[in-house]
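Presented below is the structure to which this report refers.
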Amino acid sequence: MDFRFSEKEDLLRKSVREFAENEIPTKIEAMEETGEFPTELLEPMGKLGITGVITPPEYGGVGLGYVARTIVLEELGRVCAAMPMAMQVHHMACANINDYGTDAQRGKYLPPLAKGETMGCVAVTDPTGGSDVVGMKTTAELKGDKYVLNGRKCFITNSHTSDFWVVIAKTEEGAKGLSAFIVDKDTPGARVGRKENKFGLRGANTGELVFDDCEVPRENLLGQEGGGLAVAIKTISETGRTGMAAVGLGILTAVYEEACKFASERTLYGKPISSLQAIQFYLAEIFSQLEICRLLCYRASWLRDQNMRCDNEAALAKYYTCEAAANAAKKAIEIHGAYGIMREYRIQRLLRDAMVTIPSGGTAEIAKVVLARAALAPFKTKS
Ligand SMILES: Cc1cc2nc3c(=O)[nH]c(=O)nc-3n(C[C@H](O)[C@H](O)[C@H](O)COP(=O)(O)OP(=O)(O)OC[C@H]3O[C@@H](n4cnc5c(N)ncnc54)[C@H](O)[C@@H]3O)c2cc1C
């Protein structure tokens, strides 16, 4: 077992850290106020290999894989978690098209996505189908050489900034009746609906996509008709959950740094509060959680890079890290005393952001359903 990062990965971390520290802080206030993603950062992120980190070089990406992607997302999240939130969903769209697309679809959509010239999103959830994916009501009916989509998707990250959407809709009833489509945002009958007013991860817009007799060319079917559930599950469980875990890891890293910095600078009784054992114990707990989560997140990404199954590990990394980030942020707020709840202190944003990661990409309860299945598998009796 080798826990070291490669030289290339260390260099990537350094360059993304520099970019994040120099370019993102001036955008945060506007992101918090307007809920808008700073799309002007897409092209510079393209040049650094952030937007195309998992996309193969033949399609314009840098093809560095999932460990590199976790580095990138963690470093962006250390400065502002809305950035990796938007990026990780953008990567999900890239993975969808790379894994299931035809050569023509890959050639058309992946190079601009990888370079940051366009942005993508993945729309699975609709109002009747959150955790219950098969319960969705959005339909796609084949009429001649077009699929006609009707329905509404909700809580979609990058809804208002994406150039095209990967949409899962029902071509028939049942689990085998879901299909995936690439829908260009300008397709007649397709439009964005309301933009949600979230209390955290504000700069990563979340909203509705609406389909009213939206005619999608047959060649925009992604994968096989009836293969949509597999597309959704593979993307959510491998790319989505490793991505959300990394967003949580970025927040947790920021929480650790803010907590230690404040505890070292705040003086009471003539000494920094970091000399109080109660505060040291809080810091030790935050530090321990960070170390544990780092291992979980990088293991899941490493497995994905080896093309090994990683759904259980990704569910564990996502669930554990996002919960740990929220718990650590609460402790760090306590370390800050009254300052912790003041808007000008960053720590309150970290708690808000961490809370929003918990349902995104599958709730904690759904992760526990996956983990309970894994825990019980060796003890399964034949019935
Ligand atoms: C910020 C954000 C970004 C998102 N981005 C996207 C996106 O880009 N694309 C997309 O498609 N979706 C996205 N989602 C939607 C997200 O995937 C869903 O919110 C999530 O799957 C849960 O669905 P729901 O909100 O409808 O909750 P429900 O499914 O209605 O769940 C309600 C409650 O019931 C519990 N529950 C449900 N089923 C079970 C079960 N079997 N066992 C135990 N408890 C259960 C849940 O854990 C939860 O506590 C996003 C959500 C958020 C908050």
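Residues are named by chain letter and number: chains run A, B, ... in the order of the structure tokens, numbers start at 1 in each chain, and ligands are numbered from 1 in the order shown.
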Compile the contact shell of range 241-243 of chain A as a ChimeraX atom specification: residues with an atom at most 7 Å away, counting only C-alpha atoms, same-chain residues fewer than 4 positions apart removed.
/A:70,88,236-237,247,297,300-301,314-315,318,361
Could you write out the selected residues, including N, CA, C and O atoms, as a compact mmCIF listing (two decimals), in the first residue's frame?
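Listed below is the output, result.txt:
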# COMPACT_ATOMS: atom_id res chain seq x y z
N THR A 70 -10.38 14.32 -6.94
CA THR A 70 -10.62 14.59 -5.52
C THR A 70 -9.69 15.69 -5.01
O THR A 70 -10.10 16.56 -4.24
N GLN A 88 -18.31 19.17 -9.61
CA GLN A 88 -18.46 17.71 -9.52
C GLN A 88 -19.66 17.24 -10.36
O GLN A 88 -19.63 16.17 -10.93
N ILE A 236 -24.33 8.32 -10.26
CA ILE A 236 -24.52 8.83 -8.89
C ILE A 236 -23.58 8.10 -7.94
O ILE A 236 -22.89 8.72 -7.13
N SER A 237 -23.52 6.76 -8.06
CA SER A 237 -22.78 6.01 -7.04
C SER A 237 -21.27 6.12 -7.20
O SER A 237 -20.55 6.08 -6.21
N VAL A 247 -16.28 17.31 -1.93
CA VAL A 247 -16.79 18.64 -1.55
C VAL A 247 -16.80 18.74 -0.01
O VAL A 247 -16.33 19.72 0.58
N CYS A 297 -12.07 9.21 1.40
CA CYS A 297 -12.31 9.86 0.10
C CYS A 297 -11.29 9.39 -0.93
O CYS A 297 -11.65 9.07 -2.07
N ALA A 300 -11.86 5.64 -2.03
CA ALA A 300 -12.96 5.46 -2.99
C ALA A 300 -12.52 5.93 -4.39
O ALA A 300 -12.78 5.25 -5.39
N SER A 301 -11.82 7.05 -4.47
CA SER A 301 -11.38 7.57 -5.77
C SER A 301 -10.34 6.65 -6.40
O SER A 301 -10.33 6.43 -7.62
N ALA A 314 -17.75 4.56 -1.91
CA ALA A 314 -18.13 5.94 -2.23
C ALA A 314 -19.29 6.39 -1.34
O ALA A 314 -19.32 7.53 -0.88
N ALA A 315 -20.25 5.48 -1.10
CA ALA A 315 -21.38 5.83 -0.21
C ALA A 315 -20.85 6.13 1.19
O ALA A 315 -21.28 7.11 1.83
N LYS A 318 -18.92 9.49 1.17
CA LYS A 318 -19.84 10.64 1.03
C LYS A 318 -20.62 10.87 2.34
O LYS A 318 -20.65 11.98 2.87
N GLY A 361 -26.83 14.25 -3.84
CA GLY A 361 -26.19 13.01 -4.32
C GLY A 361 -26.65 11.79 -3.54
O GLY A 361 -25.98 10.75 -3.54
Considering only C-alpha atoms and all ligand atoms, tabulate each residue of chain A that lies at most 9 Å from ligand 1 along with its nearest interatomic pair and the corresponding distance in Å to one decimal; arrange the rows by chain and ascending residue number and present them as JSON lines.
{"residue": "A:Met85", "atom": "CA", "partner": "ligand 1", "partner_atom_place_in_ligand_line": "3 (C)", "distance": 8.2}
{"residue": "A:Ala86", "atom": "CA", "partner": "ligand 1", "partner_atom_place_in_ligand_line": "8 (O)", "distance": 8.5}
{"residue": "A:Val89", "atom": "CA", "partner": "ligand 1", "partner_atom_place_in_ligand_line": "8 (O)", "distance": 6.0}
{"residue": "A:His90", "atom": "CA", "partner": "ligand 1", "partner_atom_place_in_ligand_line": "8 (O)", "distance": 8.9}
{"residue": "A:Met92", "atom": "CA", "partner": "ligand 1", "partner_atom_place_in_ligand_line": "8 (O)", "distance": 8.8}
{"residue": "A:Cys121", "atom": "CA", "partner": "ligand 1", "partner_atom_place_in_ligand_line": "8 (O)", "distance": 6.2}
{"residue": "A:Val122", "atom": "CA", "partner": "ligand 1", "partner_atom_place_in_ligand_line": "9 (N)", "distance": 5.2}
{"residue": "A:Ala123", "atom": "CA", "partner": "ligand 1", "partner_atom_place_in_ligand_line": "11 (O)", "distance": 4.0}
{"residue": "A:Val124", "atom": "CA", "partner": "ligand 1", "partner_atom_place_in_ligand_line": "11 (O)", "distance": 3.4}
{"residue": "A:Thr125", "atom": "CA", "partner": "ligand 1", "partner_atom_place_in_ligand_line": "11 (O)", "distance": 3.9}
{"residue": "A:Asp126", "atom": "CA", "partner": "ligand 1", "partner_atom_place_in_ligand_line": "11 (O)", "distance": 7.3}
{"residue": "A:Pro127", "atom": "CA", "partner": "ligand 1", "partner_atom_place_in_ligand_line": "26 (O)", "distance": 6.5}
{"residue": "A:Thr128", "atom": "CA", "partner": "ligand 1", "partner_atom_place_in_ligand_line": "26 (O)", "distance": 7.1}
{"residue": "A:Gly129", "atom": "CA", "partner": "ligand 1", "partner_atom_place_in_ligand_line": "26 (O)", "distance": 6.1}
{"residue": "A:Gly130", "atom": "CA", "partner": "ligand 1", "partner_atom_place_in_ligand_line": "23 (O)", "distance": 3.3}
{"residue": "A:Ser131", "atom": "CA", "partner": "ligand 1", "partner_atom_place_in_ligand_line": "29 (O)", "distance": 3.6}
{"residue": "A:Asp132", "atom": "CA", "partner": "ligand 1", "partner_atom_place_in_ligand_line": "29 (O)", "distance": 5.9}
{"residue": "A:Val133", "atom": "CA", "partner": "ligand 1", "partner_atom_place_in_ligand_line": "21 (O)", "distance": 8.0}
{"residue": "A:Lys153", "atom": "CA", "partner": "ligand 1", "partner_atom_place_in_ligand_line": "11 (O)", "distance": 7.4}
{"residue": "A:Cys154", "atom": "CA", "partner": "ligand 1", "partner_atom_place_in_ligand_line": "12 (N)", "distance": 6.9}
{"residue": "A:Phe155", "atom": "CA", "partner": "ligand 1", "partner_atom_place_in_ligand_line": "50 (C)", "distance": 4.6}
{"residue": "A:Ile156", "atom": "CA", "partner": "ligand 1", "partner_atom_place_in_ligand_line": "7 (C)", "distance": 3.9}
{"residue": "A:Thr157", "atom": "CA", "partner": "ligand 1", "partner_atom_place_in_ligand_line": "8 (O)", "distance": 3.8}
{"residue": "A:Asn158", "atom": "CA", "partner": "ligand 1", "partner_atom_place_in_ligand_line": "8 (O)", "distance": 6.9}
{"residue": "A:Ser159", "atom": "CA", "partner": "ligand 1", "partner_atom_place_in_ligand_line": "8 (O)", "distance": 7.8}
{"residue": "A:Val167", "atom": "CA", "partner": "ligand 1", "partner_atom_place_in_ligand_line": "11 (O)", "distance": 8.3}
{"residue": "A:Ile168", "atom": "CA", "partner": "ligand 1", "partner_atom_place_in_ligand_line": "11 (O)", "distance": 8.5}
{"residue": "A:Lys198", "atom": "CA", "partner": "ligand 1", "partner_atom_place_in_ligand_line": "1 (C)", "distance": 7.5}
{"residue": "A:Gly200", "atom": "CA", "partner": "ligand 1", "partner_atom_place_in_ligand_line": "1 (C)", "distance": 8.0}
{"residue": "A:Leu201", "atom": "CA", "partner": "ligand 1", "partner_atom_place_in_ligand_line": "1 (C)", "distance": 7.1}
{"residue": "A:Arg202", "atom": "CA", "partner": "ligand 1", "partner_atom_place_in_ligand_line": "1 (C)", "distance": 8.7}
{"residue": "A:Ala204", "atom": "CA", "partner": "ligand 1", "partner_atom_place_in_ligand_line": "1 (C)", "distance": 8.0}
{"residue": "A:Asn205", "atom": "CA", "partner": "ligand 1", "partner_atom_place_in_ligand_line": "1 (C)", "distance": 8.3}
{"residue": "A:Thr206", "atom": "CA", "partner": "ligand 1", "partner_atom_place_in_ligand_line": "3 (C)", "distance": 6.0}
{"residue": "A:Gly207", "atom": "CA", "partner": "ligand 1", "partner_atom_place_in_ligand_line": "5 (N)", "distance": 8.5}
{"residue": "A:Ala232", "atom": "CA", "partner": "ligand 1", "partner_atom_place_in_ligand_line": "11 (O)", "distance": 8.5}
{"residue": "A:Ile236", "atom": "CA", "partner": "ligand 1", "partner_atom_place_in_ligand_line": "17 (O)", "distance": 8.6}
{"residue": "A:Gly240", "atom": "CA", "partner": "ligand 1", "partner_atom_place_in_ligand_line": "8 (O)", "distance": 8.9}
{"residue": "A:Val356", "atom": "CA", "partner": "ligand 1", "partner_atom_place_in_ligand_line": "1 (C)", "distance": 5.5}
{"residue": "A:Thr357", "atom": "CA", "partner": "ligand 1", "partner_atom_place_in_ligand_line": "1 (C)", "distance": 6.4}
{"residue": "A:Ile358", "atom": "CA", "partner": "ligand 1", "partner_atom_place_in_ligand_line": "53 (C)", "distance": 7.4}
{"residue": "A:Pro359", "atom": "CA", "partner": "ligand 1", "partner_atom_place_in_ligand_line": "53 (C)", "distance": 5.1}
{"residue": "A:Ser360", "atom": "CA", "partner": "ligand 1", "partner_atom_place_in_ligand_line": "52 (C)", "distance": 4.0}
{"residue": "A:Gly361", "atom": "CA", "partner": "ligand 1", "partner_atom_place_in_ligand_line": "17 (O)", "distance": 4.4}
{"residue": "A:Gly362", "atom": "CA", "partner": "ligand 1", "partner_atom_place_in_ligand_line": "21 (O)", "distance": 4.2}
{"residue": "A:Thr363", "atom": "CA", "partner": "ligand 1", "partner_atom_place_in_ligand_line": "47 (O)", "distance": 4.7}
{"residue": "A:Ala364", "atom": "CA", "partner": "ligand 1", "partner_atom_place_in_ligand_line": "47 (O)", "distance": 6.0}
{"residue": "A:Glu365", "atom": "CA", "partner": "ligand 1", "partner_atom_place_in_ligand_line": "47 (O)", "distance": 4.3}
{"residue": "A:Ile366", "atom": "CA", "partner": "ligand 1", "partner_atom_place_in_ligand_line": "47 (O)", "distance": 5.6}
{"residue": "A:Ala367", "atom": "CA", "partner": "ligand 1", "partner_atom_place_in_ligand_line": "47 (O)", "distance": 8.5}
{"residue": "A:Lys368", "atom": "CA", "partner": "ligand 1", "partner_atom_place_in_ligand_line": "43 (C)", "distance": 8.0}
{"residue": "A:Val369", "atom": "CA", "partner": "ligand 1", "partner_atom_place_in_ligand_line": "42 (N)", "distance": 6.4}
Among range 1-197 of chain A, which ones does DSSP place in strand (DSSP E), written as a count of residues only?
41
Residues within 8 Å of range 222-229 of chain A, please, as a VMD selection string. Count only C-alpha atoms; anything in the same chain fewer than 5 positions from it doesn't count.
chain A and resid 97 100 to 102 134 168 to 169 171 to 172 175 to 182
Based on the selection just made, write N, CA, C and O atoms of those residues as a tab-separated table (two decimals), in the first residue's frame.
chain	number	residue	atom	x	y	z
A	97	ILE	N	-21.29	10.95	-20.54
A	97	ILE	CA	-21.12	10.95	-22.00
A	97	ILE	C	-19.93	10.09	-22.39
A	97	ILE	O	-19.97	9.34	-23.36
A	100	TYR	N	-21.14	6.29	-21.71
A	100	TYR	CA	-22.29	5.75	-22.44
A	100	TYR	C	-22.49	6.34	-23.82
A	100	TYR	O	-23.33	5.87	-24.58
A	101	GLY	N	-21.74	7.40	-24.15
A	101	GLY	CA	-21.99	8.10	-25.40
A	101	GLY	C	-21.47	7.35	-26.63
A	101	GLY	O	-20.59	6.50	-26.53
A	102	THR	N	-22.04	7.70	-27.78
A	102	THR	CA	-21.49	7.20	-29.05
A	102	THR	C	-20.26	8.05	-29.37
A	102	THR	O	-20.03	9.09	-28.74
A	134	VAL	N	-37.16	5.41	-9.54
A	134	VAL	CA	-38.11	4.81	-10.49
A	134	VAL	C	-39.49	5.48	-10.38
A	134	VAL	O	-40.30	5.41	-11.31
A	168	ILE	N	-32.74	11.95	-17.30
A	168	ILE	CA	-33.29	10.59	-17.22
A	168	ILE	C	-34.82	10.73	-17.23
A	168	ILE	O	-35.39	11.51	-16.46
A	169	ALA	N	-35.44	9.98	-18.14
A	169	ALA	CA	-36.91	10.04	-18.25
A	169	ALA	C	-37.45	8.64	-18.51
A	169	ALA	O	-36.70	7.73	-18.86
A	171	THR	N	-39.31	5.92	-20.56
A	171	THR	CA	-39.80	5.54	-21.87
A	171	THR	C	-40.87	4.44	-21.73
A	171	THR	O	-41.64	4.18	-22.65
A	172	GLU	N	-40.84	3.79	-20.56
A	172	GLU	CA	-41.86	2.79	-20.21
A	172	GLU	C	-41.98	2.77	-18.70
A	172	GLU	O	-41.13	3.33	-18.01
A	175	ALA	N	-38.49	-0.20	-13.62
A	175	ALA	CA	-37.05	0.09	-13.54
A	175	ALA	C	-36.36	-0.04	-14.88
A	175	ALA	O	-35.36	0.63	-15.16
A	176	LYS	N	-36.88	-0.93	-15.73
A	176	LYS	CA	-36.26	-1.10	-17.04
A	176	LYS	C	-36.81	-0.14	-18.08
A	176	LYS	O	-36.51	-0.25	-19.26
A	177	GLY	N	-37.64	0.79	-17.61
A	177	GLY	CA	-38.26	1.73	-18.54
A	177	GLY	C	-37.66	3.12	-18.49
A	177	GLY	O	-38.22	4.05	-19.06
A	178	LEU	N	-36.51	3.29	-17.81
A	178	LEU	CA	-35.88	4.61	-17.77
A	178	LEU	C	-34.83	4.71	-18.86
A	178	LEU	O	-34.11	3.73	-19.14
A	179	SER	N	-34.72	5.88	-19.48
A	179	SER	CA	-33.71	6.09	-20.53
A	179	SER	C	-33.04	7.44	-20.30
A	179	SER	O	-33.62	8.34	-19.68
A	180	ALA	N	-31.81	7.57	-20.83
A	180	ALA	CA	-31.05	8.83	-20.65
A	180	ALA	C	-30.97	9.57	-21.99
A	180	ALA	O	-30.84	8.94	-23.05
A	181	PHE	N	-31.03	10.89	-21.92
A	181	PHE	CA	-31.00	11.74	-23.12
A	181	PHE	C	-30.08	12.92	-22.91
A	181	PHE	O	-29.95	13.41	-21.78
A	182	ILE	N	-29.48	13.37	-24.01
A	182	ILE	CA	-28.76	14.65	-23.96
A	182	ILE	C	-29.70	15.69	-24.54
A	182	ILE	O	-30.14	15.55	-25.69
I'd like the contact shell of Ile347 in chain A - 7 Å cut-off, only C-alpha atoms, skipping same-chain residues fewer than 6 positions apart - returned as a ChimeraX atom specification.
/A:255,258,329,333,340
Residue nearest Ile335 in chain A - candidates A:Arg309, A:Lys261, A:Lys380, A:Lys14, atoms counted: only C-alpha atoms
A:Lys261
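In this model, the gap between CA of Glu43 in chain A and CA of Ala68 in chain A comes to 18.8 Å.
The two atoms in question, CA of Glu323 in chain A and CA of Leu296 in chain A, are spaced 13.1 Å apart.
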Shell around Leu295 in chain A at 12 Å using only C-alpha atoms, local window under 3 positions removed, as a PyMOL selection string:
chain A and resi 3-4+67+70+245-246+249+288-292+298-302+313-314+316-318+320-321
Selection: 9 Å around Lys331 in chain A, only C-alpha atoms, excl. self and same-chain fewer than 6 positions, as a list in words
Ala259, Tyr282, Leu283 and Ile286 of chain A
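The protein and nucleic acid residues lying at most 10 Å from Thr187 in chain A are Phe164, Val183, Asp184, Ala190, Arg191, Phe211, Cys214, Glu215, Val216 and Pro217 of chain A, with only C-alpha atoms considered and sequence neighbours fewer than 3 positions away removed.
Here CA of Tyr66 in chain A stands at a distance of 6.6 Å from CA of Arg304 in chain A.
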Name the residues of range 147-355 of chain A that come out as helix (DSSP H, G or I) in a backbone DSSP run; write them as number ranges by chain.
A: 175-177, 218-220, 228-265, 273-275, 277-305, 311-335, 337-341, 347-355
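Considering the residues A:Gly337, A:Pro25, A:Gly49, A:Arg69 and counting only C-alpha atoms, Leu268 in chain A has its shortest atom-to-atom contact with A:Gly337.
When only C-alpha atoms are used to compute distances to Arg349 in chain A, the closest of the residues A:Gly193, A:Gly203, A:Pro112, A:Pro378 turns out to be A:Gly203.
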